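Have a look at the structure below, then the notes.
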Amino acid sequence: MLRFAISTSLVLATIAMAGVQSAWAEEEHAHEKGPHKGSLIELGEEEYHAELVHDEKAGSVTIYLLGPDAKTAVTTDAKDVAVNAKVKGKAVQLKLKAAPQKGDKPGTTSCFASKSKELAELLDDHDAKPVLRVSIGGKTFNGKIEHDHDEEHEKEKPAAPKKK
């Protein structure tokens with residue numbers, strides 16, 4: 001009887017730890033950076049990833065298409081990708097144009113770029129909830145774009161005065 005209780009406890013503890021490890025892995029993946037030091041966006045059930053690089057100094061936004069490993073470039077024949085969002089209750093769609101990289105086959109691209117000030121501002125808007133829409137291999141994917149400047153903005157804010 002004691003062996004059965006111990007065995008059951010070990011099985012339940014193993015199952016619980018597997019759930020915790022899975023949650024940790026998801027959290028870690030959500031904050032992981034891509035090969036260009038940008039934010040990763042999951043496309044599909046991790047079929048693909050996109051990496052968003054928002055260079056505020058250059059005033060540019062670049063999207064790189066990546067495989068399931070979030071490292072290997074993936075190409076598409078799409079001429080642009082869209083970022084859809086809501087701004088002040090209105091639907092907005094902004095596009096990034098194809099910007100083929102060295103090694104992309106003719107007529108395909110693994111990269112999209114924009115110097116749109118409106119897009120840059122949209123990505124900084126916490127309420128916009130932007131979604132990337134891209135077609136890869138004839139299939140359309142939507143990926144939620146997470147705002148990742150929170151740490152930078154927190155560092156810029158002065159510390160709140162302590163209450164006495």
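To be explicit about the labels: the chains of the structure tokens are called A, B, and onward in the order shown, and within each one the residues are counted from 1, while ligands get numbers from 1 in the order they are shown.
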Which residues, written as a list in words, have at least one atom at most 12 Å from A:Thr108, with only C-alpha atoms counted and residues fewer than 5 positions away on the same chain left out?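 With the cut-off at 12 Å, the set is Leu65, Ala73, Val74, Thr75, Thr76, Asp77, Ala78, Lys79, Asp80, Lys97, Ala98, Ala99, Pro100, Gln101, Lys102, Gly103, Ser135, Ile136 and Gly137 of chain A.
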Could those selected residues go to a file with N, CA and C atoms, as a compact mmCIF listing (two decimals), in the first residue's frame?
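Result went into again17.txt, see below:
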```txt
# COMPACT_ATOMS: atom_id res chain seq x y z
N LEU A 65 11.16 36.72 -42.05
CA LEU A 65 10.43 35.47 -41.95
C LEU A 65 11.40 34.35 -41.60
N ALA A 73 16.05 31.47 -42.21
CA ALA A 73 15.22 32.31 -43.08
C ALA A 73 14.28 31.45 -43.92
N VAL A 74 13.06 31.97 -44.11
CA VAL A 74 12.04 31.34 -44.95
C VAL A 74 11.60 32.39 -45.95
N THR A 75 11.40 31.98 -47.21
CA THR A 75 10.98 32.94 -48.22
C THR A 75 9.52 32.76 -48.62
N THR A 76 8.98 33.81 -49.21
CA THR A 76 7.63 33.82 -49.74
C THR A 76 7.65 34.62 -51.03
N ASP A 77 6.63 34.40 -51.86
CA ASP A 77 6.53 35.20 -53.08
C ASP A 77 5.62 36.41 -52.89
N ALA A 78 5.18 36.65 -51.65
CA ALA A 78 4.33 37.80 -51.34
C ALA A 78 5.10 39.10 -51.60
N LYS A 79 4.39 40.11 -52.08
CA LYS A 79 5.01 41.41 -52.37
C LYS A 79 5.00 42.33 -51.16
N ASP A 80 4.14 42.00 -50.17
CA ASP A 80 4.08 42.78 -48.94
C ASP A 80 3.45 41.96 -47.83
N LYS A 97 6.79 46.53 -47.46
CA LYS A 97 7.12 46.04 -48.81
C LYS A 97 8.24 45.00 -48.76
N ALA A 98 8.21 44.11 -49.75
CA ALA A 98 9.25 43.10 -49.88
C ALA A 98 10.62 43.77 -50.00
N ALA A 99 11.59 43.24 -49.30
CA ALA A 99 12.97 43.74 -49.32
C ALA A 99 13.89 42.52 -49.37
N PRO A 100 13.99 41.87 -50.55
CA PRO A 100 14.77 40.63 -50.65
C PRO A 100 16.18 40.76 -50.08
N GLN A 101 16.60 39.69 -49.43
CA GLN A 101 17.92 39.62 -48.81
C GLN A 101 18.86 38.80 -49.70
N LYS A 102 20.13 38.95 -49.47
CA LYS A 102 21.12 38.15 -50.17
C LYS A 102 20.80 36.68 -49.89
N GLY A 103 20.73 35.88 -50.93
CA GLY A 103 20.42 34.46 -50.76
C GLY A 103 18.97 34.12 -51.05
N SER A 135 1.49 35.79 -45.96
CA SER A 135 1.22 34.58 -46.73
C SER A 135 2.55 33.86 -47.01
N ILE A 136 2.61 32.59 -46.62
CA ILE A 136 3.80 31.77 -46.86
C ILE A 136 3.33 30.46 -47.47
N GLY A 137 3.86 30.13 -48.63
CA GLY A 137 3.51 28.87 -49.28
C GLY A 137 2.04 28.75 -49.58
```
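Excluding A:Lys95 itself and any same-chain residue fewer than 4 positions from it, the protein and nucleic acid residues within 12 Å of it, counting only C-alpha atoms, are Val61, Thr62, Ile63, Ala78, Lys79, Asp80, Val81, Ala82, Val83, Asn84, Ala85, Phe112, Ala113, Ser114, Lys115, Ser116, Glu118, Leu119, Ala120, Val131, Leu132, Arg133 and Val134 of chain A.
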Pick from A:Leu123, A:Ala128, A:Cys111, A:Val92: nearest to A:Ala50, with only C-alpha atoms counted?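 Under the stated criterion, the closest residue is A:Cys111.
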So that I can see what lies close to A:Gly38, please list as a PyMOL selection string the residues with an atom at most 8 Å from it, counting only C-alpha atoms and leaving out residues fewer than 3 positions away in the same chain. chain A and resi 33-35+51-54
With C-alpha atoms retained, export the selected residues as a compact mmCIF listing (two decimals), in the first residue's frame.
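Saved file out.txt follows:
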```
# COMPACT_ATOMS: atom_id res chain seq x y z
CA LYS A 33 15.01 37.38 -29.39
CA GLY A 34 15.49 36.47 -33.03
CA PRO A 35 18.76 36.34 -34.99
CA GLU A 51 11.00 38.63 -36.32
CA LEU A 52 10.13 42.30 -35.88
CA VAL A 53 13.01 44.76 -35.67
CA HIS A 54 11.88 48.28 -34.77
```
Computed interatomic separation between atom CA of A:His126 and atom CA of A:Gln93 (Å):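 Value for the atom CA of A:His126-atom CA of A:Gln93 distance: 16.4 Å.
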Apply DSSP to the structure's backbone, then extract all residues of stretch 53-163 of chain A labelled helix (DSSP H, G or I) and return them as a list in words. Lys117, Glu118, Leu119, Ala120, Glu121, Leu122, Leu123, Asp124, Asp150, Glu151, Glu152, His153, Glu154, Lys155 and Glu156 of chain A
To one decimal place in Å, what is the distance between atom CA of A:Glu32 and atom CA of A:Lys71? 11.2 Å
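Each of A:Gly59, A:Glu121, A:Asp69, A:Thr109 was compared to A:Glu47 using only C-alpha atoms, and A:Asp69 turns out to be the nearest.
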Residue nearest A:Thr72 - candidates A:Glu56, A:Leu96, A:Ser110, A:Glu46, atoms counted: only C-alpha atoms: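 Under the stated criterion, the closest residue is A:Ser110.
Shortest atom-to-atom contact with A:Ala91 among A:Lys117, A:Lys129, A:Ala70, A:Ala58: A:Lys129, counting only C-alpha atoms.
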